[in-house]
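Reproduced below: model-v3.txt, with compact mmCIF, C-alpha atoms and all ligand atoms.
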# COMPACT_ATOMS: atom_id res chain seq x y z
CA MET A 3 -22.97 -6.66 -2.01
CA PRO A 4 -19.77 -8.77 -1.69
CA SER A 5 -17.61 -8.16 1.38
CA SER A 6 -14.06 -9.33 2.07
CA SER A 7 -15.45 -12.52 3.68
CA THR A 8 -16.90 -13.49 0.27
CA TYR A 9 -13.39 -14.31 -0.93
CA ARG A 10 -10.88 -16.90 0.22
CA PHE A 11 -8.03 -14.53 0.99
CA SER A 12 -4.75 -15.88 2.38
CA GLN A 13 -4.19 -15.72 6.11
CA ARG A 14 -1.47 -13.17 5.39
CA ALA A 15 -3.92 -10.90 3.62
CA LYS A 16 -6.44 -11.30 6.42
CA ASN A 17 -3.81 -10.16 8.91
CA ILE A 18 -3.20 -6.86 7.09
CA THR A 19 -4.68 -3.83 8.77
CA SER A 20 -5.13 -0.40 7.27
CA SER A 21 -2.37 2.15 7.77
CA THR A 22 -3.28 4.63 10.47
CA ILE A 23 -1.88 7.45 8.47
CA ARG A 24 -3.82 6.60 5.32
CA GLU A 25 -7.02 6.45 7.35
CA ILE A 26 -6.36 9.84 8.88
CA LEU A 27 -5.38 11.28 5.51
CA LYS A 28 -8.84 10.42 4.21
CA VAL A 29 -10.32 12.61 6.95
CA THR A 30 -7.88 15.40 6.26
CA GLU A 31 -8.70 15.72 2.57
CA ARG A 32 -11.32 18.30 3.52
CA PRO A 33 -9.94 21.80 2.92
CA GLU A 34 -11.04 23.17 6.31
CA ILE A 35 -8.89 20.62 8.16
CA ILE A 36 -5.46 21.87 9.23
CA SER A 37 -3.53 18.65 8.83
CA PHE A 38 -0.27 17.96 10.61
CA ALA A 39 -0.90 14.27 9.93
CA GLY A 40 0.57 13.71 6.48
CA GLY A 41 4.17 12.87 5.76
CA LEU A 42 4.22 14.44 2.31
CA PRO A 43 7.25 16.40 1.16
CA ALA A 44 6.74 20.07 0.25
CA PRO A 45 5.59 20.17 -3.41
CA VAL A 46 7.21 23.59 -3.90
CA GLY A 47 10.49 21.70 -3.72
CA PHE A 48 9.71 19.43 -6.68
CA PRO A 49 12.06 20.30 -9.58
CA ILE A 50 9.37 19.97 -12.24
CA ALA A 51 11.15 21.85 -15.04
CA ASP A 52 14.39 19.91 -14.53
CA VAL A 53 12.64 16.51 -14.49
CA LYS A 54 10.61 17.50 -17.56
CA GLN A 55 13.75 18.46 -19.47
CA ALA A 56 15.48 15.26 -18.39
CA ILE A 57 12.58 13.06 -19.52
CA ASP A 58 12.48 14.91 -22.81
CA ARG A 59 16.21 14.48 -23.36
CA VAL A 60 16.11 10.78 -22.46
CA LEU A 61 13.20 10.10 -24.81
CA THR A 62 14.74 12.14 -27.64
CA GLU A 63 18.22 10.70 -27.39
CA ARG A 64 17.62 7.13 -26.10
CA GLY A 65 13.90 6.56 -26.35
CA HIS A 66 14.11 2.91 -27.38
CA THR A 67 16.24 2.03 -24.36
CA ALA A 68 14.14 4.15 -21.99
CA LEU A 69 10.93 2.39 -23.00
CA GLN A 70 12.44 -1.12 -23.04
CA TYR A 71 12.72 -3.69 -20.21
CA GLY A 72 15.95 -3.28 -18.27
CA PRO A 73 18.11 -5.23 -15.82
CA THR A 74 16.61 -5.98 -12.38
CA GLU A 75 19.69 -4.49 -10.68
CA GLY A 76 18.85 -1.11 -12.21
CA TYR A 77 20.24 1.36 -14.75
CA THR A 78 24.02 1.00 -14.55
CA PRO A 79 24.99 4.70 -14.77
CA LEU A 80 22.60 5.47 -11.89
CA ARG A 81 24.04 2.61 -9.83
CA GLU A 82 27.56 3.86 -10.57
CA TRP A 83 26.56 7.37 -9.51
CA LEU A 84 25.16 5.99 -6.24
CA ALA A 85 28.27 3.87 -5.56
CA GLN A 86 30.39 7.00 -6.00
CA ASP A 87 28.05 9.00 -3.78
CA MET A 88 28.44 6.38 -1.03
CA GLN A 89 32.23 6.55 -1.41
CA GLN A 90 32.09 10.31 -0.96
CA ARG A 91 30.08 9.78 2.21
CA GLY A 92 32.88 7.70 3.67
CA ALA A 93 31.94 4.16 2.58
CA THR A 94 35.01 4.18 0.36
CA ASP A 95 34.85 0.59 -0.81
CA VAL A 96 31.26 0.46 -2.16
CA SER A 97 31.17 -1.02 -5.67
CA VAL A 98 28.45 -0.93 -8.29
CA ASP A 99 27.43 -4.58 -7.70
CA GLU A 100 26.53 -3.60 -4.15
CA VAL A 101 23.79 -1.24 -5.38
CA LEU A 102 20.23 -2.25 -6.28
CA ILE A 103 17.67 0.25 -7.59
CA VAL A 104 14.19 -0.23 -6.13
CA SER A 105 10.75 1.34 -6.61
CA GLY A 106 10.96 3.56 -3.52
CA SER A 107 12.60 2.53 -0.27
CA GLN A 108 9.23 1.14 0.80
CA GLN A 109 9.86 -1.64 -1.72
CA ALA A 110 13.25 -2.19 -0.12
CA LEU A 111 11.53 -2.87 3.21
CA ASP A 112 9.23 -5.40 1.58
CA LEU A 113 12.11 -7.17 -0.21
CA LEU A 114 14.17 -7.28 2.98
CA GLY A 115 11.22 -8.71 4.90
CA LYS A 116 10.96 -11.47 2.29
CA LEU A 117 14.72 -12.08 2.45
CA PHE A 118 15.23 -12.22 6.21
CA ILE A 119 12.00 -12.95 8.07
CA ASP A 120 10.43 -16.35 8.75
CA PRO A 121 7.40 -16.58 11.04
CA GLY A 122 8.71 -16.01 14.56
CA SER A 123 12.10 -14.59 13.47
CA LYS A 124 13.44 -12.05 15.90
CA VAL A 125 13.63 -8.53 14.45
CA LEU A 126 14.94 -5.56 16.45
CA VAL A 127 13.18 -2.22 15.99
CA GLU A 128 13.31 1.15 17.69
CA ALA A 129 10.48 2.20 20.01
CA PRO A 130 8.84 4.01 18.26
CA SER A 131 9.71 3.19 14.64
CA TYR A 132 8.57 3.93 11.07
CA LEU A 133 5.04 2.61 10.71
CA GLY A 134 5.51 1.64 7.04
CA ALA A 135 8.41 -0.63 7.99
CA LEU A 136 6.38 -2.31 10.72
CA GLN A 137 3.62 -2.87 8.16
CA SER A 138 6.02 -4.38 5.62
CA PHE A 139 7.82 -6.62 8.10
CA SER A 140 4.61 -7.73 9.80
CA LEU A 141 3.46 -9.50 6.63
CA PHE A 142 6.22 -12.02 7.32
CA GLU A 143 5.20 -12.49 10.98
CA PRO A 144 8.36 -11.61 12.90
CA GLU A 145 8.67 -11.48 16.64
CA TYR A 146 9.50 -7.84 17.32
CA VAL A 147 11.94 -6.94 20.03
CA THR A 148 11.97 -3.22 20.73
CA VAL A 149 15.11 -1.30 21.51
CA ALA A 150 14.80 1.66 23.86
CA THR A 151 15.27 5.19 22.55
CA ASP A 152 15.62 8.57 24.22
CA GLU A 153 16.25 12.14 23.04
CA GLY A 154 19.43 10.92 21.34
CA GLY A 155 17.64 8.17 19.37
CA LEU A 156 18.35 4.45 19.68
CA ILE A 157 20.38 3.50 22.79
CA PRO A 158 22.93 0.82 21.79
CA GLU A 159 23.86 0.21 25.44
CA GLU A 160 20.32 -1.05 26.02
CA LEU A 161 20.82 -3.83 23.47
CA THR A 162 21.35 -6.97 25.52
CA ALA A 163 23.22 -10.06 24.36
CA GLU A 164 19.92 -11.93 24.64
CA GLN A 165 18.20 -9.45 22.31
CA LEU A 166 20.98 -9.64 19.76
CA ASN A 167 21.24 -13.40 19.88
CA ASP A 168 19.55 -14.89 16.79
CA ALA A 169 18.15 -11.52 15.62
CA ARG A 170 17.74 -11.45 11.85
CA PHE A 171 18.49 -7.71 11.74
CA ILE A 172 18.10 -4.43 13.55
CA TYR A 173 16.15 -1.71 11.76
CA ALA A 174 17.54 1.75 12.55
CA LEU A 175 16.72 5.31 11.46
CA PRO A 176 19.73 7.42 12.46
CA ASN A 177 18.74 10.79 10.94
CA PHE A 178 15.61 12.80 11.87
CA GLN A 179 13.77 9.60 12.55
CA ASN A 180 10.22 9.09 11.36
CA PRO A 181 8.22 9.55 13.61
CA THR A 182 10.27 11.36 16.29
CA GLY A 183 12.60 13.64 14.31
CA ARG A 184 15.44 12.43 16.56
CA THR A 185 19.03 11.94 15.43
CA MET A 186 21.56 9.45 16.77
CA GLY A 187 24.83 11.02 17.87
CA LEU A 188 28.22 9.88 16.61
CA GLU A 189 29.16 7.90 19.72
CA ARG A 190 25.94 5.93 19.59
CA ARG A 191 26.36 5.23 15.88
CA GLN A 192 29.84 3.95 16.59
CA ALA A 193 28.65 1.86 19.53
CA LEU A 194 25.79 0.40 17.49
CA VAL A 195 27.95 -0.75 14.58
CA GLU A 196 30.51 -2.20 16.97
CA ARG A 197 27.93 -4.17 18.95
CA CYS A 198 26.28 -5.45 15.79
CA ALA A 199 29.65 -6.37 14.25
CA GLN A 200 30.47 -8.40 17.38
CA ALA A 201 27.07 -10.08 17.44
CA GLY A 202 26.94 -10.69 13.67
CA VAL A 203 23.58 -8.92 13.38
CA PRO A 204 22.98 -6.96 10.14
CA ILE A 205 21.83 -3.35 10.48
CA ILE A 206 19.21 -1.96 8.10
CA GLU A 207 19.92 1.78 7.94
CA ASP A 208 16.86 3.60 6.60
CA ASP A 209 17.85 7.15 5.74
CA PRO A 210 15.43 8.95 3.42
CA TYR A 211 15.81 12.28 5.28
CA GLY A 212 19.60 12.47 5.81
CA ASP A 213 20.08 15.09 3.08
CA LEU A 214 17.40 17.31 4.60
CA ARG A 215 19.56 18.53 7.47
CA TYR A 216 18.87 22.19 8.21
CA ALA A 217 20.62 22.52 11.59
CA GLY A 218 23.65 21.01 13.32
CA LYS A 219 26.50 19.10 11.80
CA ALA A 220 26.24 16.17 9.35
CA LEU A 221 27.34 12.87 10.87
CA PRO A 222 28.78 9.79 9.18
CA GLY A 223 26.17 7.22 8.25
CA LEU A 224 25.96 3.70 9.66
CA LEU A 225 27.12 2.27 6.32
CA ALA A 226 30.41 4.21 6.40
CA LEU A 227 30.99 3.46 10.11
CA GLY A 228 29.86 -0.15 9.76
CA ARG A 229 32.25 -0.91 6.91
CA LYS A 230 35.14 0.26 9.08
CA ALA A 231 33.93 -1.75 12.08
CA GLY A 232 33.26 -4.95 10.11
CA ALA A 233 29.47 -4.75 10.53
CA THR A 234 26.98 -5.72 7.83
CA VAL A 235 25.00 -2.58 7.02
CA ILE A 236 22.19 -2.54 4.49
CA ARG A 237 21.58 1.09 3.60
CA LEU A 238 18.26 2.27 2.17
CA GLY A 239 18.07 5.57 0.33
CA SER A 240 15.38 7.35 -1.61
CA PHE A 241 14.86 10.05 -4.20
CA SER A 242 11.42 10.76 -2.70
CA LYS A 243 12.51 13.53 -0.36
CA VAL A 244 15.37 15.02 -2.41
CA LEU A 245 13.53 15.06 -5.78
CA ALA A 246 9.92 13.87 -5.63
CA PRO A 247 8.09 10.81 -4.24
CA GLY A 248 5.97 10.32 -7.36
CA LEU A 249 9.11 9.13 -9.15
CA ARG A 250 9.03 6.05 -6.87
CA LEU A 251 12.76 5.52 -6.92
CA GLY A 252 15.02 4.37 -4.12
CA TYR A 253 18.05 2.13 -3.64
CA ILE A 254 19.69 -0.47 -1.45
CA VAL A 255 23.41 -0.63 -0.77
CA ALA A 256 24.52 -3.96 0.73
CA PRO A 257 27.18 -6.67 0.38
CA ALA A 258 26.97 -8.36 -3.03
CA PRO A 259 25.57 -11.73 -1.75
CA ILE A 260 22.63 -9.88 -0.17
CA ILE A 261 22.08 -7.85 -3.35
CA SER A 262 22.09 -11.04 -5.48
CA LYS A 263 19.31 -12.57 -3.37
CA LEU A 264 17.35 -9.32 -3.38
CA VAL A 265 17.62 -9.23 -7.17
CA GLN A 266 15.95 -12.66 -7.38
CA ILE A 267 13.19 -11.52 -5.05
CA LYS A 268 12.67 -8.24 -6.90
CA GLN A 269 12.50 -10.10 -10.20
CA ALA A 270 9.51 -12.00 -8.87
CA THR A 271 7.96 -8.77 -7.66
CA ASP A 272 8.21 -6.33 -10.59
CA LEU A 273 11.09 -7.43 -12.90
CA HIS A 274 12.73 -4.01 -12.42
CA SER A 275 11.98 -0.39 -11.56
CA SER A 276 10.90 1.92 -14.39
CA THR A 277 13.72 2.33 -16.93
CA LEU A 278 12.43 5.73 -18.06
CA THR A 279 12.34 7.06 -14.50
CA GLN A 280 15.80 5.74 -13.66
CA MET A 281 17.28 7.29 -16.80
CA ALA A 282 15.49 10.59 -16.18
CA VAL A 283 16.64 10.75 -12.56
CA TYR A 284 20.20 10.00 -13.61
CA GLU A 285 19.97 12.68 -16.30
CA THR A 286 18.67 15.15 -13.70
CA ILE A 287 21.31 14.55 -11.03
CA LYS A 288 24.42 13.53 -12.97
CA ASN A 289 26.04 16.97 -13.09
CA GLY A 290 25.70 18.09 -9.48
CA PHE A 291 22.03 19.13 -9.56
CA LEU A 292 21.34 18.04 -5.96
CA ALA A 293 24.08 20.27 -4.55
CA GLN A 294 22.29 23.30 -6.06
CA HIS A 295 18.75 22.10 -5.40
CA LEU A 296 18.91 20.82 -1.81
CA PRO A 297 19.86 24.07 -0.04
CA ALA A 298 16.56 25.61 -1.24
CA VAL A 299 14.59 22.57 -0.03
CA ARG A 300 16.38 22.67 3.34
CA ASP A 301 15.53 26.38 3.66
CA ILE A 302 11.83 25.63 3.21
CA TYR A 303 11.89 22.86 5.82
CA ARG A 304 13.93 24.92 8.31
CA GLU A 305 11.48 27.79 8.02
CA GLN A 306 8.41 25.58 8.34
CA CYS A 307 9.88 23.74 11.33
CA GLY A 308 10.67 27.09 12.95
CA TYR A 309 7.05 28.27 12.61
CA MET A 310 5.79 25.17 14.34
CA LEU A 311 8.35 25.15 17.16
CA ASP A 312 7.67 28.82 17.77
CA ALA A 313 3.91 28.28 17.91
CA MET A 314 4.34 25.28 20.24
CA GLN A 315 6.49 27.36 22.56
CA SER A 316 3.70 29.96 22.75
CA HIS A 317 0.68 27.67 22.99
CA PHE A 318 1.58 24.28 24.48
CA PRO A 319 1.41 23.87 28.25
CA SER A 320 4.66 23.30 30.12
CA SER A 321 3.54 19.77 31.00
CA THR A 322 4.01 18.83 27.33
CA SER A 323 7.41 18.16 25.77
CA TRP A 324 8.51 17.83 22.17
CA THR A 325 11.54 17.16 19.99
CA ARG A 326 13.51 19.82 18.12
CA PRO A 327 14.59 18.15 14.89
CA GLU A 328 17.78 19.13 13.07
CA GLY A 329 16.28 17.99 9.77
CA GLY A 330 13.46 16.06 8.16
CA MET A 331 9.74 16.57 8.53
CA PHE A 332 8.51 15.56 11.97
CA ILE A 333 8.13 16.73 15.56
CA TRP A 334 7.22 14.22 18.26
CA VAL A 335 5.10 15.36 21.16
CA THR A 336 4.84 13.75 24.59
CA LEU A 337 1.67 14.75 26.43
CA PRO A 338 1.07 14.38 30.15
CA GLN A 339 0.76 10.69 30.98
CA HIS A 340 -3.03 10.71 31.44
CA ILE A 341 -3.86 12.19 28.01
CA ASP A 342 -4.57 9.64 25.27
CA ALA A 343 -3.55 11.10 21.90
CA GLN A 344 -6.21 9.09 20.09
CA GLU A 345 -8.93 10.70 22.19
CA LEU A 346 -7.28 14.07 21.69
CA LEU A 347 -7.41 13.43 17.93
CA ALA A 348 -11.18 12.90 18.02
CA ARG A 349 -11.59 16.27 19.71
CA ALA A 350 -9.01 17.95 17.47
CA ILE A 351 -10.83 16.81 14.34
CA GLU A 352 -14.03 18.36 15.69
CA ARG A 353 -12.04 21.60 15.75
CA HIS A 354 -10.62 20.88 12.28
CA VAL A 355 -7.07 19.94 13.27
CA ALA A 356 -5.44 16.55 12.58
CA PHE A 357 -2.24 14.76 13.63
CA VAL A 358 -1.12 11.14 13.94
CA PRO A 359 -1.41 9.54 17.39
CA GLY A 360 1.87 7.91 18.45
CA ALA A 361 0.64 4.45 19.50
CA PRO A 362 0.73 2.73 16.06
CA PHE A 363 4.44 3.57 15.71
CA TYR A 364 5.25 1.15 18.54
CA ALA A 365 5.73 -2.53 17.74
CA ASP A 366 4.68 -3.24 21.34
CA ALA A 367 4.14 -1.39 24.64
CA ALA A 368 2.68 1.68 22.92
CA GLN A 369 2.89 5.03 24.66
CA HIS A 370 -0.58 6.47 24.20
CA ASN A 371 0.36 9.96 25.31
CA THR A 372 2.48 10.63 22.22
CA LEU A 373 1.75 12.06 18.78
CA ARG A 374 3.50 13.04 15.54
CA LEU A 375 3.23 16.43 13.86
CA SER A 376 4.39 17.19 10.32
CA PHE A 377 5.06 20.84 9.57
CA VAL A 378 6.10 20.63 5.94
CA THR A 379 3.05 21.33 3.79
CA VAL A 380 0.98 23.68 6.01
CA PRO A 381 1.22 27.48 5.50
CA GLU A 382 2.57 29.53 8.43
CA ALA A 383 -0.75 31.11 9.47
CA ARG A 384 -2.47 27.69 9.50
CA ILE A 385 0.40 26.18 11.53
CA ARG A 386 -0.04 28.90 14.16
CA GLU A 387 -3.83 28.52 14.17
CA GLY A 388 -3.73 24.71 14.38
CA ILE A 389 -1.09 24.65 17.12
CA ALA A 390 -3.05 27.21 19.16
CA ILE A 391 -6.13 24.95 18.94
CA LEU A 392 -4.12 21.88 19.94
CA GLY A 393 -2.58 23.79 22.83
CA ARG A 394 -6.03 24.72 24.12
CA LEU A 395 -7.25 21.12 23.81
CA ILE A 396 -4.24 19.83 25.73
CA GLU A 397 -4.81 22.50 28.43
CA GLU A 398 -8.45 21.39 28.70
CA SER A 399 -7.47 17.72 29.10
CA HIS A 400 -4.77 18.75 31.52
CA ALA A 401 -7.12 20.79 33.64
CA SER A 402 -9.31 17.77 34.30
CA PRO A 403 -7.12 14.65 34.38
CA ASP A 404 -9.89 12.61 35.98
CA THR A 405 -12.43 13.45 33.31
CA PRO A 406 -12.80 10.51 30.95
CA GLY A 407 -11.84 11.22 27.35
CA ILE A 408 -14.52 12.01 24.83
CA GLU A 409 -16.71 9.10 23.77
CA LEU A 410 -15.71 8.16 20.25
CA ASP A 411 -19.31 7.59 19.28
CA ALA A 412 -20.14 11.10 20.37
CA VAL A 413 -18.10 12.48 17.49
CA GLU A 414 -20.31 13.65 14.68
CA PRO A 415 -19.93 11.31 11.70
CA ALA A 416 -20.07 14.26 9.35
CA THR A 417 -17.18 15.85 11.17
CA MET A 418 -15.06 12.74 11.27
CA LEU A 419 -15.62 11.31 7.88
CA SER A 420 -14.89 12.61 4.48
CA GLY A 421 -13.34 9.62 2.78
CA THR A 422 -15.29 7.45 0.43
CA ASP A 423 -14.17 4.14 1.89
CA PRO A 424 -17.43 2.28 2.55
CA THR A 425 -15.74 -0.18 4.91
CA ILE A 426 -15.21 2.59 7.42
CA SER A 427 -18.59 3.98 8.18
CA THR A 428 -18.59 5.20 11.76
CA PRO A 429 -16.24 7.41 13.73
CA ALA A 430 -15.62 4.62 16.22
CA SER A 431 -14.65 2.12 13.56
CA ARG A 432 -12.45 4.68 11.89
CA LEU A 433 -10.58 5.28 15.09
CA GLN A 434 -10.33 1.59 15.76
CA ALA A 435 -8.67 1.24 12.37
CA LEU A 436 -5.90 3.61 13.45
C1 LIG B 1 11.60 6.22 7.25
C2 LIG B 1 10.99 5.99 5.93
N1 LIG B 1 11.41 4.94 5.19
C3 LIG B 1 10.89 4.68 3.99
C4 LIG B 1 9.91 5.49 3.45
C5 LIG B 1 9.36 5.16 2.10
O1 LIG B 1 9.79 6.11 1.17
P1 LIG B 1 9.81 5.89 -0.39
O2 LIG B 1 9.21 4.55 -0.69
O3 LIG B 1 9.02 7.01 -0.97
O4 LIG B 1 11.26 5.94 -0.79
C6 LIG B 1 9.44 6.59 4.17
C7 LIG B 1 8.37 7.43 3.63
O5 LIG B 1 7.95 8.41 4.16
C8 LIG B 1 9.99 6.85 5.45
O6 LIG B 1 9.59 7.87 6.21

Is it possible to give me this structure as structure tokens?
Amino acid sequence: MPSSSTYRFSQRAKNITSSTIREILKVTERPEIISFAGGLPAPVGFPIADVKQAIDRVLTERGHTALQYGPTEGYTPLREWLAQDMQQRGATDVSVDEVLIVSGSQQALDLLGKLFIDPGSKVLVEAPSYLGALQSFSLFEPEYVTVATDEGGLIPEELTAEQLNDARFIYALPNFQNPTGRTMGLERRQALVERCAQAGVPIIEDDPYGDLRYAGKALPGLLALGRKAGATVIRLGSFSKVLAPGLRLGYIVAPAPIISKLVQIKQATDLHSSTLTQMAVYETIKNGFLAQHLPAVRDIYREQCGYMLDAMQSHFPSSTSWTRPEGGMFIWVTLPQHIDAQELLARAIERHVAFVPGAPFYADAAQHNTLRLSFVTVPEARIREGIAILGRLIEESHASPDTPGIELDAVEPATMLSGTDPTISTPASRLQAL
């Protein structure tokens, strides 16, 4: 039986570790598991009929173009639509040659890693940050420098001149951050773009959830503020959360010289994103579809978030704190200092509840007493049941702070494992992979 050591993989490939979330998702495939671990958008929000009609129209009216190779930059009408959308959001000078269509914003992170990071390059990230970005950037071996965050998101005042000096970029998630659900206030946004303008450090603004605001007031994005302050902002957007992730369509807005380089890198990666999908998405959204569609999606998320916050209020001990997001999909929980969320997960899975421990979201100095909950795809009754179970487990850990956490090997393999991945064969190794 060949194993990975049979092959002469590159050092880069050897350094790749499995995504925590994917590993947990394998466990949570079993129907009896109440999973707050996934980050999947609510499928009831997918506009299937509209996308079907759009694909049909595109194939009927322009089938030969839709099925042909296209330009790496992307389908021009979609890029024009996006440039106009950015202008309406306050970045009034964005032009079409500053827009690149990509295959999901995850691809944008990979392309930007290739563009900016040499081994040892300094990259500034929030603590905690989006795990998928850390995975993408890590392939290029940066030296991470973490920027402190609090309830109001990234703290620009904590950015020292030494941190900014020589940094290739700062990666920021201003709206309903993944994993914490936190949002940066206007003053901090302003302060961040001003500091980065002064220091000449580009900002990567990753904002896939910005349109899923269901409470509070919309704030100007870093791109709009940055253009006014003279900062370089590279904005990443996505159709995954406003239409559907299976479309695999996202975009980058950045100064033209950055886009030109990204185009060369994308060419080497996949030539271009799917022409058919780009044309169908443009066909779907061109006449104001999102303005009608998004309020219904926001209603679903608001309601789901409310169920979870309500259940947490009833069942979580007062020693535990959590965020109250104004949009997006995630709540971030801080447990009492002595409770390790990874150990809590082992016990939660025994009781058929799953979540993502917080530690992997930190580029360094992980806080092990944190975890992420997603409320989007779980029905109300299951949210209440799962949160009640978690509350009891936290109470139990809390009641006996000196009791060591459960032995990972003591977890029943049959309880822990449902995936078919043969490389992960014991509960302990699965948890190590997280
Ligand atoms: C913050 C953030 N950025 C990027 C992505 C990647 O999204 P996609 O590639 O589907 O556009 C995600 C996915 O959940 C995310 O949470």

Given 8 Å and only C-alpha atoms and all ligand atoms, residues near ligand LIG 1 (chain B) as a PDB file with C-alpha atoms, keeping the file's coordinate frame:
ATOM      1  CA  GLY A  41       4.170  12.870   5.760  1.00  0.00           C
ATOM      2  CA  LEU A  42       4.220  14.440   2.310  1.00  0.00           C
ATOM      3  CA  SER A 105      10.750   1.340  -6.610  1.00  0.00           C
ATOM      4  CA  GLY A 106      10.960   3.560  -3.520  1.00  0.00           C
ATOM      5  CA  SER A 107      12.600   2.530  -0.270  1.00  0.00           C
ATOM      6  CA  GLN A 108       9.230   1.140   0.800  1.00  0.00           C
ATOM      7  CA  GLN A 109       9.860  -1.640  -1.720  1.00  0.00           C
ATOM      8  CA  ALA A 110      13.250  -2.190  -0.120  1.00  0.00           C
ATOM      9  CA  LEU A 111      11.530  -2.870   3.210  1.00  0.00           C
ATOM     10  CA  TYR A 132       8.570   3.930  11.070  1.00  0.00           C
ATOM     11  CA  GLY A 134       5.510   1.640   7.040  1.00  0.00           C
ATOM     12  CA  ALA A 135       8.410  -0.630   7.990  1.00  0.00           C
ATOM     13  CA  LEU A 175      16.720   5.310  11.460  1.00  0.00           C
ATOM     14  CA  GLN A 179      13.770   9.600  12.550  1.00  0.00           C
ATOM     15  CA  ASN A 180      10.220   9.090  11.360  1.00  0.00           C
ATOM     16  CA  PRO A 181       8.220   9.550  13.610  1.00  0.00           C
ATOM     17  CA  ASP A 208      16.860   3.600   6.600  1.00  0.00           C
ATOM     18  CA  ASP A 209      17.850   7.150   5.740  1.00  0.00           C
ATOM     19  CA  PRO A 210      15.430   8.950   3.420  1.00  0.00           C
ATOM     20  CA  TYR A 211      15.810  12.280   5.280  1.00  0.00           C
ATOM     21  CA  LEU A 238      18.260   2.270   2.170  1.00  0.00           C
ATOM     22  CA  GLY A 239      18.070   5.570   0.330  1.00  0.00           C
ATOM     23  CA  SER A 240      15.380   7.350  -1.610  1.00  0.00           C
ATOM     24  CA  PHE A 241      14.860  10.050  -4.200  1.00  0.00           C
ATOM     25  CA  SER A 242      11.420  10.760  -2.700  1.00  0.00           C
ATOM     26  CA  LYS A 243      12.510  13.530  -0.360  1.00  0.00           C
ATOM     27  CA  PRO A 247       8.090  10.810  -4.240  1.00  0.00           C
ATOM     28  CA  GLY A 248       5.970  10.320  -7.360  1.00  0.00           C
ATOM     29  CA  ARG A 250       9.030   6.050  -6.870  1.00  0.00           C
ATOM     30  CA  LEU A 251      12.760   5.520  -6.920  1.00  0.00           C
ATOM     31  CA  GLY A 252      15.020   4.370  -4.120  1.00  0.00           C
TER      32      GLY A 252
END

Handout entry: One-decimal distance in Å that lies between CA of Asn17 in chain A and CA of Phe142 in chain A
Key =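 Answer for the CA of Phe142 in chain A to CA of Asn17 in chain A separation: 10.3 Å.
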
Handout entry: Residue neighbourhood Pro79 in chain A, 8 Å, only C-alpha atoms, exclusion window fewer than 3 positions, as a PyMOL selection string
Key = chain A and resi 82-83+284

Problem - Nearest to Ala201 in chain A by atom-to-atom distance, counting only C-alpha atoms, from A:Ile267, A:Ala39, A:Leu225, A:Leu166 - result: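 Checking each of A:Ile267, A:Ala39, A:Leu225, A:Leu166 against Ala201 in chain A, counting only C-alpha atoms, the winner is A:Leu166.
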
Exercise for the section: Quote the spacing between CA of Ile57 in chain A and CA of Leu296 in chain A in Å to one decimal place. Expected result: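 One can read the CA of Ile57 in chain A to CA of Leu296 in chain A distance as 20.3 Å.
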
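Atom to atom, CA of Pro176 in chain A and CA of Thr372 in chain A stand 20.1 Å apart.
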
Exercise for the section: Considering all atoms listed in the file, state which residue in the set A:Val358, A:Val98, A:Ala298, A:Val147 is at the smallest distance from Ser123 in chain A. Expected result: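 Closest candidate: A:Val147.
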
Practice task
May I have the residues within 10 Å of Gly155 in chain A as a PyMOL selection string, using all atoms listed in the file and disregarding those fewer than 5 positions away in the same chain?
Solution key: chain A and resi 128-130+150+174-179+182-187+190-191

Exercise for the section: Name the residues within 8 Å of (24.5, -9.4, 14.8), counting only C-alpha atoms in the file's coordinates, and put them as a list of chain:residue names. Expected result: A:Leu166, A:Asn167, A:Asp168, A:Ala169, A:Arg170, A:Phe171, A:Arg197, A:Cys198, A:Ala199, A:Gln200, A:Ala201, A:Gly202, A:Val203, A:Pro204, A:Ile205

Exercise for the section: Extract, using only C-alpha atoms, all DNA, RNA and protein residues at most 9 Å from Leu117 in chain A, discarding same-chain residues fewer than 6 positions from it, and format them as a PyMOL selection string. Expected result: chain A and resi 260+263-264+267

Exercise for the section: Using all atoms listed in the file, find the one residue out of A:Gln280, A:Gln306, A:Ser131, A:Gln165 that sits nearest to Val380 in chain A. Expected result: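 Under the stated criterion, the closest residue is A:Gln306.
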